[in-house]
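This is input12.txt. It holds compact mmCIF, C-alpha atoms.
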# COMPACT_ATOMS: atom_id res chain seq x y z
CA MET A 269 -3.25 -98.08 -80.49
CA ARG A 270 -0.12 -96.15 -79.69
CA ALA A 271 1.57 -93.96 -82.28
CA LYS A 272 5.29 -93.38 -81.88
CA ILE A 273 6.37 -89.74 -81.78
CA GLU A 274 9.88 -89.43 -83.18
CA ASP A 275 10.36 -85.69 -82.60
CA PRO A 276 11.06 -84.97 -78.88
CA GLN A 277 9.87 -81.38 -79.27
CA LEU A 278 6.59 -82.55 -80.80
CA SER A 279 6.21 -85.10 -78.01
CA ARG A 280 6.62 -82.38 -75.37
CA GLN A 281 4.21 -80.14 -77.27
CA ILE A 282 1.50 -82.82 -77.31
CA ASN A 283 2.03 -83.56 -73.61
CA HIS A 284 1.69 -79.84 -72.86
CA GLN A 285 -1.50 -79.56 -74.93
CA ILE A 286 -3.07 -82.55 -73.20
CA LEU A 287 -2.26 -81.30 -69.69
CA ARG A 288 -3.22 -77.70 -70.51
CA LEU A 289 -6.68 -78.88 -71.51
CA THR A 290 -7.05 -81.67 -68.95
CA ILE A 291 -6.29 -79.94 -65.65
CA PRO A 292 -9.00 -77.22 -65.95
CA ASN A 293 -11.46 -79.93 -67.03
CA ILE A 294 -10.74 -82.00 -63.94
CA ILE A 295 -11.22 -78.95 -61.70
CA SER A 296 -14.52 -78.20 -63.48
CA ASN A 297 -15.64 -81.81 -62.99
CA ILE A 298 -14.90 -81.68 -59.28
CA THR A 299 -17.27 -78.71 -58.86
CA VAL A 300 -20.19 -81.01 -59.80
CA PRO A 301 -20.12 -83.16 -56.63
CA LEU A 302 -19.26 -80.07 -54.58
CA LEU A 303 -22.48 -78.39 -55.75
CA SER A 304 -24.42 -81.46 -54.64
CA LEU A 305 -22.49 -81.54 -51.36
CA ILE A 306 -23.49 -77.93 -50.62
CA ASP A 307 -27.19 -78.66 -51.14
CA VAL A 308 -27.14 -81.90 -49.14
CA GLY A 309 -25.07 -80.31 -46.38
CA LEU A 310 -27.43 -77.36 -45.99
CA ALA A 311 -30.46 -79.65 -46.19
CA GLY A 312 -28.94 -81.84 -43.49
CA HIS A 313 -28.93 -78.93 -41.06
CA MET A 314 -32.58 -78.03 -41.56
CA ALA A 315 -35.06 -78.61 -38.77
CA HIS A 316 -36.86 -81.52 -40.47
CA PRO A 317 -35.08 -84.73 -41.60
CA GLU A 318 -37.11 -85.05 -44.83
CA ALA A 319 -35.13 -82.21 -46.43
CA ILE A 320 -32.16 -84.38 -47.44
CA GLY A 321 -34.42 -86.96 -49.08
CA SER A 322 -36.45 -84.37 -50.98
CA VAL A 323 -33.33 -82.61 -52.32
CA THR A 324 -31.69 -85.92 -53.29
CA VAL A 325 -34.75 -87.23 -55.16
CA ALA A 326 -35.43 -83.92 -56.92
CA ALA A 327 -31.80 -83.34 -57.89
CA THR A 328 -31.49 -86.88 -59.27
CA ILE A 329 -34.55 -86.43 -61.47
CA THR A 330 -33.62 -82.97 -62.76
CA ASN A 331 -29.97 -83.90 -63.38
CA THR A 332 -31.02 -87.01 -65.31
CA ILE A 333 -33.30 -84.96 -67.57
CA TYR A 334 -30.68 -82.28 -68.11
CA TRP A 335 -28.07 -84.94 -68.86
CA LEU A 336 -30.11 -86.17 -71.82
CA PHE A 337 -29.39 -82.83 -73.50
CA GLY A 338 -25.64 -83.09 -72.95
CA PHE A 339 -25.36 -83.80 -76.68
CA ILE A 340 -25.43 -80.01 -77.16
CA ARG A 341 -22.01 -79.74 -75.52
CA LEU A 342 -20.58 -82.89 -77.11
CA GLY A 343 -21.76 -82.06 -80.61
CA THR A 344 -20.70 -78.43 -80.40
CA THR A 345 -17.21 -79.32 -79.14
CA GLY A 346 -16.46 -81.70 -82.00
CA LEU A 347 -17.74 -79.45 -84.77
CA VAL A 348 -16.07 -76.31 -83.40
CA ALA A 349 -12.76 -78.12 -82.84
CA GLN A 350 -12.77 -79.29 -86.44
CA ALA A 351 -13.51 -75.78 -87.69
CA TYR A 352 -10.72 -74.49 -85.43
CA GLY A 353 -8.33 -77.02 -86.95
CA ARG A 354 -9.23 -75.79 -90.43
CA GLN A 355 -8.92 -72.17 -89.22
CA ASP A 356 -12.40 -71.57 -90.63
CA SER A 357 -13.69 -68.58 -88.65
CA SER A 358 -16.98 -68.50 -90.54
CA ASP A 359 -17.75 -72.10 -89.59
CA ILE A 360 -16.67 -71.42 -86.00
CA ASN A 361 -19.34 -68.70 -85.87
CA ARG A 362 -21.83 -70.97 -87.62
CA GLN A 363 -21.34 -73.69 -85.00
CA LEU A 364 -21.71 -71.12 -82.21
CA ALA A 365 -24.99 -69.93 -83.72
CA ARG A 366 -26.11 -73.52 -84.17
CA GLY A 367 -25.28 -74.42 -80.58
CA ILE A 368 -27.18 -71.39 -79.24
CA THR A 369 -30.16 -72.16 -81.47
CA MET A 370 -30.20 -75.79 -80.35
CA ALA A 371 -29.95 -74.67 -76.71
CA LEU A 372 -33.05 -72.48 -77.13
CA LEU A 373 -35.00 -75.27 -78.84
CA CYS A 374 -34.03 -77.78 -76.16
CA THR A 375 -35.08 -75.29 -73.48
CA ILE A 376 -38.61 -75.40 -74.91
CA VAL A 377 -38.53 -79.21 -74.82
CA VAL A 378 -37.35 -79.24 -71.20
CA LEU A 379 -40.10 -76.82 -70.15
CA ILE A 380 -42.70 -78.97 -71.92
CA ILE A 381 -41.61 -82.17 -70.16
CA SER A 382 -40.97 -80.56 -66.76
CA PRO A 383 -44.51 -81.34 -65.47
CA PHE A 384 -43.79 -85.03 -66.08
CA ALA A 385 -40.70 -84.71 -63.88
CA THR A 386 -42.93 -83.43 -61.09
CA LEU A 387 -45.24 -86.42 -61.58
CA LEU A 388 -42.24 -88.75 -61.51
CA SER A 389 -41.09 -87.32 -58.20
CA GLY A 390 -44.57 -88.04 -56.84
CA VAL A 391 -44.26 -91.67 -57.93
CA VAL A 392 -40.76 -92.04 -56.46
CA THR A 393 -41.74 -90.49 -53.12
CA GLY A 394 -45.19 -92.07 -53.02
CA GLY A 395 -44.43 -94.26 -50.03
CA ALA A 396 -42.47 -91.62 -48.15
CA ALA A 397 -43.51 -88.79 -45.84
CA GLU A 398 -45.91 -86.28 -47.37
CA ARG A 399 -43.56 -83.39 -46.67
CA LEU A 400 -40.70 -85.11 -48.53
CA GLY A 401 -42.82 -85.47 -51.67
CA ALA A 402 -44.15 -81.91 -51.51
CA GLU A 403 -40.69 -80.39 -51.10
CA ALA A 404 -39.26 -82.53 -53.93
CA GLU A 405 -41.99 -81.25 -56.26
CA GLN A 406 -41.37 -77.66 -55.15
CA TYR A 407 -37.63 -78.03 -55.81
CA ILE A 408 -38.24 -79.42 -59.31
CA GLN A 409 -40.72 -76.67 -60.22
CA ILE A 410 -38.21 -73.98 -59.26
CA ILE A 411 -35.10 -75.62 -60.68
CA PHE A 412 -36.47 -75.93 -64.23
CA SER A 413 -36.85 -72.15 -64.39
CA ALA A 414 -33.09 -72.18 -65.01
CA ALA A 415 -33.41 -74.48 -68.04
CA PRO A 416 -32.42 -71.68 -70.48
CA ALA A 417 -29.22 -71.11 -68.50
CA VAL A 418 -28.33 -74.81 -68.33
CA MET A 419 -28.84 -75.33 -72.07
CA MET A 420 -26.79 -72.21 -72.81
CA ILE A 421 -24.02 -73.46 -70.52
CA TYR A 422 -23.90 -76.69 -72.55
CA ALA A 423 -23.60 -74.79 -75.83
CA LEU A 424 -21.02 -72.26 -74.63
CA ASN A 425 -18.89 -74.80 -72.76
CA GLY A 426 -18.86 -76.96 -75.88
CA TRP A 427 -17.79 -73.98 -77.98
CA PHE A 428 -14.98 -72.97 -75.61
CA ILE A 429 -13.64 -76.53 -75.34
CA GLY A 430 -13.72 -76.83 -79.12
CA MET A 431 -11.71 -73.60 -79.27
CA GLN A 432 -9.04 -75.34 -77.12
CA ASN A 433 -9.91 -73.18 -74.11
CA THR A 434 -10.90 -75.08 -70.97
CA ARG A 435 -9.91 -72.36 -68.51
CA ILE A 436 -12.99 -70.23 -69.15
CA PRO A 437 -15.46 -73.09 -68.39
CA MET A 438 -13.39 -73.88 -65.27
CA ILE A 439 -13.54 -70.29 -64.00
CA ALA A 440 -17.27 -70.09 -64.74
CA SER A 441 -18.03 -73.35 -62.93
CA MET A 442 -15.96 -72.33 -59.89
CA SER A 443 -17.70 -68.95 -59.81
CA ALA A 444 -21.08 -70.69 -59.94
CA LEU A 445 -20.02 -72.87 -57.01
CA VAL A 446 -19.28 -69.79 -54.89
CA VAL A 447 -22.52 -68.05 -55.93
CA ASN A 448 -24.54 -71.18 -55.17
CA PHE A 449 -23.09 -71.44 -51.67
CA LEU A 450 -23.52 -67.75 -50.83
CA VAL A 451 -27.10 -67.46 -52.11
CA SER A 452 -28.26 -70.83 -50.76
CA TYR A 453 -26.66 -70.25 -47.35
CA THR A 454 -28.21 -66.79 -47.09
CA LEU A 455 -31.70 -67.96 -48.06
CA VAL A 456 -31.62 -71.11 -45.91
CA VAL A 457 -29.88 -69.82 -42.78
CA TYR A 458 -30.97 -66.17 -42.61
CA TYR A 459 -34.33 -66.24 -44.37
CA GLN A 460 -35.36 -69.78 -43.33
CA MET A 461 -36.56 -70.61 -46.86
CA GLY A 462 -35.65 -74.29 -46.59
CA VAL A 463 -35.60 -76.44 -49.73
CA GLU A 464 -37.06 -73.56 -51.73
CA GLY A 465 -33.98 -71.50 -50.86
CA LEU A 466 -31.69 -74.28 -52.08
CA ALA A 467 -33.50 -74.43 -55.42
CA ILE A 468 -33.36 -70.65 -55.85
CA GLY A 469 -29.65 -70.66 -54.99
CA THR A 470 -28.97 -73.29 -57.65
CA CYS A 471 -30.94 -71.34 -60.26
CA VAL A 472 -29.13 -68.08 -59.49
CA ALA A 473 -25.78 -69.88 -59.76
CA GLN A 474 -26.71 -71.40 -63.12
CA TYR A 475 -27.78 -68.05 -64.56
CA SER A 476 -24.62 -66.40 -63.24
CA GLN A 477 -22.52 -69.12 -64.89
CA ALA A 478 -24.29 -68.69 -68.24
CA LEU A 479 -23.97 -64.89 -68.12
CA LEU A 480 -20.27 -65.08 -67.23
CA LEU A 481 -19.63 -67.45 -70.15
CA LEU A 482 -21.58 -65.20 -72.51
CA ALA A 483 -19.80 -62.04 -71.32
CA THR A 484 -16.40 -63.71 -71.68
CA LEU A 485 -17.31 -64.85 -75.18
CA LEU A 486 -18.27 -61.32 -76.24
CA ILE A 487 -15.12 -59.79 -74.74
CA ARG A 488 -12.43 -62.44 -75.22
CA TYR A 489 -13.56 -63.48 -78.70
CA ARG A 490 -14.98 -60.20 -79.95
CA HIS A 491 -12.70 -60.43 -83.00
CA LEU A 492 -14.71 -63.50 -84.04
CA VAL A 493 -18.26 -62.79 -82.91
CA ARG A 494 -18.32 -59.31 -84.43
CA HIS A 495 -18.42 -61.06 -87.80
CA MET A 496 -21.51 -63.09 -86.87
CA THR A 497 -24.58 -62.34 -88.94
CA LEU A 498 -28.18 -63.48 -89.05
CA HIS A 499 -27.13 -65.85 -91.83
CA HIS A 500 -25.11 -67.90 -89.34
CA PHE A 501 -28.33 -68.54 -87.41
CA THR A 502 -30.63 -69.13 -90.38
CA ASP A 503 -28.22 -71.22 -92.48
CA THR A 504 -29.78 -74.70 -92.40
CA LYS A 505 -26.88 -76.38 -94.20
CA GLY A 506 -25.43 -79.03 -91.91
CA TYR A 507 -28.33 -79.08 -89.45
CA GLY A 508 -29.11 -82.61 -90.56
CA ARG A 509 -25.69 -83.73 -89.41
CA TYR A 510 -26.11 -81.90 -86.10
CA LEU A 511 -29.47 -83.61 -85.52
CA ILE A 512 -27.98 -87.03 -86.31
CA LEU A 513 -25.24 -86.30 -83.77
CA GLY A 514 -27.89 -85.27 -81.25
CA ARG A 515 -29.96 -88.40 -81.86
CA ASP A 516 -27.01 -90.75 -81.43
CA LEU A 517 -25.65 -88.97 -78.37
CA MET A 518 -29.06 -88.73 -76.69
CA LEU A 519 -29.58 -92.48 -77.16
CA ARG A 520 -26.16 -93.02 -75.61
CA SER A 521 -27.16 -90.86 -72.63
CA LEU A 522 -30.43 -92.76 -72.22
CA LEU A 523 -28.62 -96.09 -72.09
CA LEU A 524 -25.99 -94.76 -69.68
CA SER A 525 -28.76 -93.47 -67.40
CA SER A 526 -30.61 -96.79 -67.64
CA ILE A 527 -27.57 -98.75 -66.48
CA THR A 528 -26.85 -96.31 -63.65
CA LEU A 529 -30.45 -96.44 -62.41
CA PHE A 530 -30.61 -100.23 -62.77
CA PHE A 531 -27.41 -100.57 -60.74
CA THR A 532 -29.13 -98.74 -57.88
CA TYR A 533 -32.33 -100.78 -58.34
CA ALA A 534 -30.38 -104.06 -58.22
CA GLY A 535 -28.80 -102.99 -54.95
CA VAL A 536 -32.20 -102.10 -53.47
CA ARG A 537 -33.33 -105.68 -54.16
CA GLU A 538 -30.58 -106.90 -51.83
CA GLY A 539 -31.46 -104.60 -48.94
CA ALA A 540 -30.26 -101.42 -47.26
CA ILE A 541 -26.76 -102.72 -46.48
CA ALA A 542 -26.17 -103.67 -50.12
CA VAL A 543 -27.41 -100.28 -51.33
CA GLY A 544 -25.04 -98.52 -48.95
CA ALA A 545 -22.09 -100.73 -49.90
CA ASN A 546 -22.67 -100.27 -53.62
CA ALA A 547 -22.95 -96.51 -53.11
CA LEU A 548 -19.56 -96.48 -51.37
CA LEU A 549 -17.90 -98.58 -54.08
CA MET A 550 -19.39 -96.49 -56.86
CA GLN A 551 -17.81 -93.40 -55.30
CA PHE A 552 -14.48 -94.89 -56.37
CA PHE A 553 -15.84 -95.11 -59.91
CA SER A 554 -17.07 -91.50 -59.68
CA ILE A 555 -13.70 -90.19 -58.47
CA PHE A 556 -11.88 -92.05 -61.24
CA SER A 557 -14.37 -90.80 -63.83
CA TYR A 558 -13.79 -87.15 -62.85
CA PHE A 559 -10.10 -87.56 -63.72
CA MET A 560 -10.57 -89.64 -66.86
CA ASP A 561 -13.29 -87.31 -68.16
CA GLY A 562 -10.72 -84.52 -67.93
CA PHE A 563 -8.48 -86.42 -70.34
CA ALA A 564 -11.49 -87.37 -72.48
CA TYR A 565 -12.41 -83.69 -72.89
CA ALA A 566 -8.81 -82.98 -73.92
CA GLY A 567 -9.19 -85.81 -76.42
CA GLU A 568 -12.33 -84.15 -77.80
CA SER A 569 -10.57 -80.84 -78.31
CA LEU A 570 -7.36 -82.17 -79.83
CA SER A 571 -8.82 -84.96 -81.95
CA GLY A 572 -11.37 -82.57 -83.45
CA ARG A 573 -8.68 -79.96 -84.06
CA TYR A 574 -6.27 -82.31 -85.84
CA PHE A 575 -9.03 -84.10 -87.72
CA GLY A 576 -10.30 -80.75 -88.98
CA ALA A 577 -6.76 -79.77 -89.98
CA GLY A 578 -6.32 -83.04 -91.86
CA ARG A 579 -3.39 -84.02 -89.61
CA ILE A 580 -4.19 -87.67 -89.02
CA ASP A 581 -0.57 -88.23 -87.96
CA LEU A 582 -0.98 -85.80 -85.05
CA LEU A 583 -4.40 -87.22 -84.24
CA ASN A 584 -2.88 -90.71 -83.95
CA ALA A 585 -0.05 -89.31 -81.84
CA VAL A 586 -2.57 -87.73 -79.44
CA ILE A 587 -4.49 -91.01 -79.21
CA GLY A 588 -1.29 -92.90 -78.43
CA ARG A 589 -0.27 -90.45 -75.74
CA LEU A 590 -3.75 -90.39 -74.16
CA PHE A 591 -3.83 -94.18 -73.92
CA ALA A 592 -0.29 -94.29 -72.52
CA ILE A 593 -1.36 -91.88 -69.77
CA GLY A 594 -4.63 -93.78 -69.29
CA ILE A 595 -2.87 -97.11 -68.77
CA VAL A 596 -0.57 -95.67 -66.11
CA LEU A 597 -3.35 -93.86 -64.23
CA SER A 598 -5.72 -96.84 -64.36
CA LEU A 599 -3.03 -99.22 -63.04
CA LEU A 600 -2.22 -96.86 -60.16
CA ALA A 601 -5.90 -96.34 -59.29
CA ALA A 602 -6.70 -100.06 -59.47
CA LEU A 603 -3.72 -101.07 -57.31
CA LEU A 604 -4.42 -98.33 -54.77
CA PHE A 605 -8.05 -99.36 -54.24
CA ALA A 606 -7.32 -103.10 -54.43
CA LEU A 607 -4.62 -102.92 -51.75
CA TYR A 608 -5.95 -100.11 -49.55
CA PRO A 609 -9.77 -100.01 -49.80
CA ASP A 610 -10.38 -99.11 -46.16
CA GLY A 611 -9.05 -95.58 -46.56
CA LEU A 612 -11.85 -94.51 -48.90
CA LEU A 613 -14.53 -96.74 -47.38
CA ARG A 614 -14.00 -95.53 -43.81
CA PHE A 615 -13.78 -91.93 -44.96
CA LEU A 616 -17.24 -92.28 -46.49
CA SER A 617 -18.92 -94.38 -43.81
CA SER A 618 -18.56 -95.31 -40.14
CA HIS A 619 -20.95 -98.28 -40.36
CA ASP A 620 -18.90 -101.47 -39.97
CA GLU A 621 -21.56 -103.71 -41.52
CA ILE A 622 -21.68 -101.64 -44.72
CA ILE A 623 -17.88 -101.52 -44.96
CA ALA A 624 -17.64 -105.29 -44.41
CA TYR A 625 -20.20 -105.89 -47.16
CA ALA A 626 -18.35 -103.55 -49.51
CA ARG A 627 -15.06 -105.36 -48.86
CA GLN A 628 -16.58 -108.51 -50.39
CA TYR A 629 -16.84 -106.74 -53.75
CA HIS A 630 -14.09 -104.12 -53.66
CA LEU A 631 -11.84 -106.06 -56.07
CA TRP A 632 -14.58 -105.89 -58.70
CA ALA A 633 -14.70 -102.13 -58.18
CA ALA A 634 -10.89 -101.98 -58.38
CA LEU A 635 -11.10 -103.50 -61.87
CA ILE A 636 -13.17 -100.56 -63.14
CA PRO A 637 -10.19 -98.34 -64.10
CA LEU A 638 -8.50 -101.16 -66.02
CA VAL A 639 -11.55 -102.21 -68.02
CA GLY A 640 -13.09 -98.76 -68.34
CA PHE A 641 -10.39 -96.17 -69.03
CA GLY A 642 -10.45 -96.96 -72.75
CA ALA A 643 -14.19 -96.28 -72.95
CA PHE A 644 -13.71 -92.81 -71.42
CA LEU A 645 -10.88 -91.89 -73.79
CA TRP A 646 -12.58 -93.28 -76.90
CA ASP A 647 -15.76 -91.36 -76.01
CA GLY A 648 -13.79 -88.11 -76.18
CA ILE A 649 -11.99 -89.05 -79.40
CA TYR A 650 -15.21 -90.16 -81.11
CA ALA A 651 -17.00 -86.98 -79.99
CA GLY A 652 -14.16 -84.80 -81.27
CA THR A 653 -14.20 -86.48 -84.67
CA THR A 654 -18.05 -86.52 -84.59
CA ARG A 655 -18.26 -90.30 -85.08
CA SER A 656 -21.45 -90.51 -83.06
CA ALA A 657 -22.66 -93.74 -84.68
CA GLY A 658 -19.77 -95.59 -83.04
CA LEU A 659 -20.73 -94.19 -79.63
CA LYS A 660 -24.32 -95.28 -80.20
CA TRP A 661 -23.52 -98.84 -81.28
CA SER A 662 -20.96 -99.36 -78.53
CA MET A 663 -23.59 -98.41 -75.94
CA ILE A 664 -26.23 -100.63 -77.51
CA GLY A 665 -23.87 -103.62 -77.62
CA SER A 666 -22.45 -103.13 -74.13
CA SER A 667 -25.91 -102.53 -72.62
CA ILE A 668 -27.14 -105.83 -74.04
CA VAL A 669 -24.11 -107.56 -72.49
CA PHE A 670 -24.74 -105.86 -69.12
CA PHE A 671 -28.38 -106.89 -68.77
CA ALA A 672 -27.84 -110.36 -70.28
CA LEU A 673 -24.98 -111.21 -67.91
CA TYR A 674 -26.82 -109.90 -64.87
CA TYR A 675 -29.94 -111.98 -65.44
CA LEU A 676 -28.01 -115.07 -66.56
CA LEU A 677 -25.68 -115.04 -63.55
CA TYR A 678 -27.85 -113.62 -60.78
CA ASN A 679 -29.35 -116.91 -59.55
CA SER A 680 -25.92 -118.48 -59.14
CA LEU A 681 -23.79 -115.47 -58.14
CA GLY A 682 -26.17 -113.03 -56.46
CA MET A 683 -24.71 -109.54 -56.04
CA THR A 684 -21.47 -110.63 -57.71
CA ALA A 685 -23.44 -110.90 -60.96
CA LEU A 686 -24.06 -107.15 -60.87
CA TRP A 687 -20.36 -106.35 -60.63
CA VAL A 688 -19.41 -108.92 -63.28
CA ALA A 689 -22.02 -107.38 -65.58
CA PHE A 690 -20.84 -103.81 -64.89
CA ASP A 691 -17.15 -104.56 -65.46
CA SER A 692 -18.01 -106.51 -68.61
CA TYR A 693 -20.14 -103.64 -69.88
CA LEU A 694 -17.19 -101.24 -69.62
CA LEU A 695 -14.82 -103.74 -71.23
CA VAL A 696 -17.19 -104.42 -74.13
CA ARG A 697 -17.67 -100.67 -74.69
CA THR A 698 -13.91 -100.27 -74.97
CA ALA A 699 -13.59 -103.28 -77.28
CA ILE A 700 -16.36 -102.16 -79.66
CA LEU A 701 -15.03 -98.61 -79.90
CA THR A 702 -11.50 -99.89 -80.54
CA MET A 703 -12.69 -102.29 -83.22
CA ILE A 704 -14.79 -99.68 -85.04
CA TRP A 705 -11.97 -97.12 -84.97
CA TYR A 706 -9.42 -99.38 -86.63
CA ARG A 707 -11.76 -101.23 -88.98
CA ARG A 708 -13.32 -98.03 -90.33
CA PRO A 709 -10.51 -95.50 -90.88
CA LEU A 710 -11.27 -91.78 -90.74
CA ARG A 711 -11.96 -89.90 -93.92
CA VAL A 712 -10.62 -86.37 -93.81
CA SER A 713 -13.34 -83.84 -94.62
CA THR A 714 -12.75 -80.33 -95.89
CA SER A 715 -16.00 -79.06 -94.41
CA CYS A 716 -17.69 -79.54 -91.11
CA SER A 717 -20.74 -77.42 -91.64

Reformat the file's structure so that it appears as structure tokens.
Amino acid sequence: MRAKIEDPQLSRQINHQILRLTIPNIISNITVPLLSLIDVGLAGHMAHPEAIGSVTVAATITNTIYWLFGFIRLGTTGLVAQAYGRQDSSDINRQLARGITMALLCTIVVLIISPFATLLSGVVTGGAAERLGAEAEQYIQIIFSAAPAVMMIYALNGWFIGMQNTRIPMIASMSALVVNFLVSYTLVVYYQMGVEGLAIGTCVAQYSQALLLLATLLIRYRHLVRHMTLHHFTDTKGYGRYLILGRDLMLRSLLLSSITLFFTYAGVREGAIAVGANALLMQFFSIFSYFMDGFAYAGESLSGRYFGAGRIDLLNAVIGRLFAIGIVLSLLAALLFALYPDGLLRFLSSHDEIIAYARQYHLWAALIPLVGFGAFLWDGIYAGTTRSAGLKWSMIGSSIVFFALYYLLYNSLGMTALWVAFDSYLLVRTAILTMIWYRRPLRVSTSCS
């Protein structure tokens, strides 16, 4: 898995490229939980206690639906990175046009299915207070008005990352965080608009992020976009490949969402203490994923670039370096949480019974970095080289293992079965992706369109 880099200068260059792309990605990733923290924090200071529940339910539903369309970013990144590697400016523009077109089409789909999201919130909150359900529906109805902005953010972020530029998405996401706080705080505190104010604040932030990305594109890359023509939008050559990418990546997202939701459901079966303990332990997974996703995004950019340039030697060198970094980080993270779990657990909760329950399973959570870092890195490499079929089959295989192990072991192991199944799912994902990569070598293509 590791390619030896003989040239010290080349080794330093690859390290620099990885870190240059990774650090802004990590900062961008951290803004995601901060956005949620702002909404929950403001909701928690409203006069009625139902506000937190309504925002949490509504945000979970809308984020899950939006996440299904994340293939726009993934697919755009890989195709643009390959065109960048070939120094094919026409194809770079074609992929930009294709990403924007797909974003507009997916916006229509989101708006069509948005009423079903409102119905789903009614089902989820059916046994709760009437006000909680009404506010959740109101939040969802408002938030989907920003669907065009969210889809455009996916397309433009994918394009920038493919162009080896992760600073612009970072700046845009940080700006959106500030806008979201200022608008939401003003509407909630000064205008007493409650949950409605939170939803409006989120929408304004999303539109501001999309506009900032678009403005930066037109200014920073005007030497490229000035050569865009209507033909780049109407050229249907290669759309079949883009749709296949979208199909495979959407199926992957569906399966990922299914496992995440089932993990919560399985905890609910065990009671409130188990749900709370699992939520605490999964925060460790979330924190680790923010960092590993940063390296995975760097893997997308660089693997696509070198694959497009036909430099399989440099692609293999990047893979080797990414996995070397991943092994070190995963060992450190696993040891830290295995030996000192109380630091994170007590920071997140003051309930001794929940912490005690979580301590029973914290070693299973500590295994997550070791068994899962490969899956994160391979996801980025496969996306960059647009090998979406491998991502699809790895998720299908690992999902089967997850559900099979849980139901086979639950009667004898109880909650432990859930953690065994989850760790095994990550390990199997890594194993399948590794096997496919080395058993089916890459074929260098001269065209990505």

Just want the 10 Å neighbourhood of region 370-373 of chain A, counted on only C-alpha atoms, with same-chain residues fewer than 5 positions away dropped. Output as a ChimeraX atom specification. /A:337,340-341,344,364-365,378,415-424,507,510-511,514

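Between CA of Ala326 (chain A) and CA of Val472 (chain A) the separation is 17.2 Å.
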
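Between Leu287 (chain A) and the residues A:Leu616, A:Leu600, A:Leu498, A:Ala564, the shortest atom-to-atom distance, using only C-alpha atoms, involves A:Ala564.
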
Which residues come within 10 Å of His619 (chain A), counting all atoms listed in the file, excluding same-chain residues fewer than 3 positions away, as a list in words?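 After dropping sequence-adjacent residues, the list is Ile541, Gly544, Ala545, Leu613, Arg614, Leu616, Ile622, Ile623 and Ala624 of chain A.
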
Report the distance between CA of Val447 (chain A) and CA of Thr470 (chain A) in Å, rounded to one decimal place. 8.5 Å

Neighbouring residues of region 684-690 of chain A were defined as those with any atom within 9 Å, considering all atoms listed in the file; residues of the same chain fewer than 4 positions away were excluded. Please report them as JSON, numbers by chain. {"A": [527, 531, 534, 535, 629, 632, 633, 636, 669, 670, 671, 672, 673, 674, 675, 676, 677, 678, 679, 680, 694, 695]}

Straight-line distance linking CA of Leu599 (chain A) with CA of Leu638 (chain A), stated in Å to one decimal: 6.5 Å

Out of A:Leu513, A:Ala542, A:Val323, A:Leu659, which residue has the shortest atom-to-atom distance to Asp647 (chain A) when counting only C-alpha atoms?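 Checking each of A:Leu513, A:Ala542, A:Val323, A:Leu659 against Asp647 (chain A), counting only C-alpha atoms, the winner is A:Leu659.
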
Restricting the calculation to only C-alpha atoms, which member of A:Phe563, A:Tyr475, A:Trp705, A:Phe449 is positioned closest to Thr299 (chain A)?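 Using only C-alpha atoms, the shortest distance to Thr299 (chain A) belongs to A:Phe449.
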
Tell me which protein, DNA and RNA residues are within 9 Å of Leu466 (chain A), counting all atoms listed in the file, leaving out same-chain ones fewer than 6 positions away, and put them as a VMD selection string. chain A and resid 307 310 to 311 323 407 448 451 to 453 455 to 456

Using all atoms listed in the file, find all polymer residues with an atom at most 12 Å away from the point (-3.4, -91.3, -79.6); report them as a ChimeraX atom specification. /A:269-273,279,282-283,286,563-564,566-568,570-571,574,580-594,642,645-646,648-650,702,705
